[in-house]
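Trainee: Have a look at this one.
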Amino acid sequence: MSLTDILMILGFALAAYSIIANDSIQTLGTFIASNTHRPWWVLWAFAAFVLVSVVGVGWYLNGGDPAYGRLEKFPWPENGIQWFHVLPPLVILVLTRFGVPVSTTFLVLVVFNPSNLGSMLIKSVSGYVVAFIVAIITYRLVISKTTEYFDRTKGEPAASYWVWLQWIATAFLWSQWLIQDLANIFVYLPRQISAVELLFAVFFIVILQGVIFYQMGGAIQKIVTNKTGTSDIRAATIIDFIYAIILLVFKEWSNMPMSTTWVFIGLLAGRQIAITLHLYKPPMVESKKIVFNDVIKAGLGLLISVVLAILIPVLS
């Protein structure tokens with residue numbers, strides 16, 4: 001086994017763990033927060049089933065490419081995976097330990113093709129703005145009375161149909177996120193892989209996902225739990241449906257990868273502001289502080305990715 005093969009496997013392993021650990025809040029954070037009363041392995045089995053299905057279908061329909069064609073503008077390096085390609089997932093791993101919701105898309109993919117940074121940035125910022133505006137309109141003008149009812153009846157048992165709705169919403173959202181972000185993991189493997197290689201890759205990802213569920217999201221889960229009402233299964237279901245629809249729209253826009261982290265933070269930010277405007281709690285000062293802190297953390301990931309994009313070509 002050559003050094004490039006070792007770095008390829010190492011890069012894939014680190015990317016799989018760091019990306020799943022950091023991005024678990026986006027699709028599974030509300031699912032975890034509102035299902036803490038259930039065994040962790042039940043939640044894991046459900047998410048694993050969706051993951052295996054989405055990856056398998058993508059690999060079959062795209063001729064051995066499980067990334068759904070989102071790596072077309074990120075060609076396989078001529079000299080294979082090098083040491084500098086392994087740096088981004090290491091950075092993500094460190095930042096995740098401090099609960100920083102960095103954009104794994106920027107950090108990982110920019111290293112493979114820095115020229116795509118501008119297009120990725122435009123699509124990601126657009127995603128944040130759209131999610132922010134959609135959330136404010138939805139929660140302030142469309143379902144304000146529903147939100148008020150959820151707040152008034154929090155702590156009371158929800159109707160059984162909310163459980164089914166949430167699990168459907170989670171499956172929908174999880175599948176859309178995977179289609180968007182599988183590229184961040186499979187970028188470390190050849191653009192077409194065999195069935196055996198796919199089997200080993202999926203098995204590894206599923207095991208890592210089990211670790212995240214066992215930790216109930218880890219430190220990064222605070223991005224979800226510090227928002228108003230996210231542990232309510234009814235509120236969580238609505239968040240997941242809105243987020244999934246936004247990702248679906250941007251998926252159809254183009255194959256250029258985008259930061260789903262920015263979309264998720266924009267959605268939660270708009271929702272937080274809308275709830276404060278309607279219910280007058282928490283105070284606007286507190287809500288603005290929460291939103292500002294999330295933006296700063298997301299901006300930190302962008303800054304690091306830009307620095308890496310500039311320095312790595314020099315170092316290599």
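Chains: A, B, ... in order of the structure tokens. Residues: from 1 per chain. Ligands: from 1, in order shown.
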Could you go through segment 84-302 of chain A and tell me which residues DSSP, when run on the backbone, assigns to helix (DSSP H, G or I), listing them as a VMD selection string?

Mentor: chain A and resid 84 to 97 104 to 112 114 to 142 144 to 152 160 to 186 195 to 214 219 to 225 233 to 253 260 to 279 284 to 302

Trainee: Measure the distance from atom CA of Asn62 of chain A to atom CA of Phe250 of chain A in Å and round it to one decimal.

Mentor: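 Computed distance, atom CA of Asn62 of chain A to atom CA of Phe250 of chain A, equals 19.3 Å.
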
Trainee: Of the candidates A:Leu10, A:Ala158, A:Ala171, A:Ile179, which one gets nearest to Met256 of chain A if we count only C-alpha atoms?

Mentor: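 Among A:Leu10, A:Ala158, A:Ala171, A:Ile179, it is A:Ile179 that comes nearest to Met256 of chain A.
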
Trainee: Check the smallest atom-to-atom distance from each of A:Leu268, A:Leu302, A:Leu93, A:Leu43 to Ile290 of chain A using only C-alpha atoms, then report the winner.

Mentor: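 When distances to Ile290 of chain A are compared using only C-alpha atoms, the smallest one comes from A:Leu268.
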
Trainee: Just checking: using only C-alpha atoms, which residue out of A:Leu109, A:Val94, A:Ala274, A:Ala298 ends up closest to Ala183 of chain A?

Mentor: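 For Ala183 of chain A, the nearest of the given residues is A:Leu109.
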
Trainee: Using only C-alpha atoms, which of A:Leu173, A:Ala48, A:Ile273, A:Leu300 sits nearest Ser287 of chain A?

Mentor: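 Closest residue, counting only C-alpha atoms: A:Ile273.
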
Trainee: Quote the spacing between atom CA of Ala15 of chain A and atom CA of Pro89 of chain A in Å to one decimal place.

Mentor: 5.0 Å

Trainee: Do a neighbour search on Val249 of chain A at 12 Å with only C-alpha atoms, toss out local chain neighbours closer than 6 positions, and write the hits as a list in words.

Mentor: Lys123, Ser126, Gly127, Val130, Ala131, Gln176, Trp177, Gln180, Ile242, Tyr243, Asn255 and Val263 of chain A

Trainee: Can you tell me which residues surround segment 33-40 of chain A at a distance of at most 6 Å, considering only C-alpha atoms, apart from same-chain residues fewer than 2 positions away, and format the answer as a compact mmCIF listing (two decimals) with C-alpha atoms, in the first residue's frame?

Mentor:
```txt
# COMPACT_ATOMS: atom_id res chain seq x y z
CA THR A 30 -33.91 18.55 16.54
CA PHE A 31 -34.61 14.81 16.15
CA VAL A 42 -33.39 3.16 18.01
CA LEU A 43 -32.67 6.64 16.65
CA PHE A 213 -26.08 9.09 18.65
CA TYR A 214 -24.56 7.45 21.71
CA SER A 231 -37.02 20.12 22.22
CA ASP A 232 -40.76 20.20 21.47
CA ILE A 233 -41.47 17.45 18.92
```
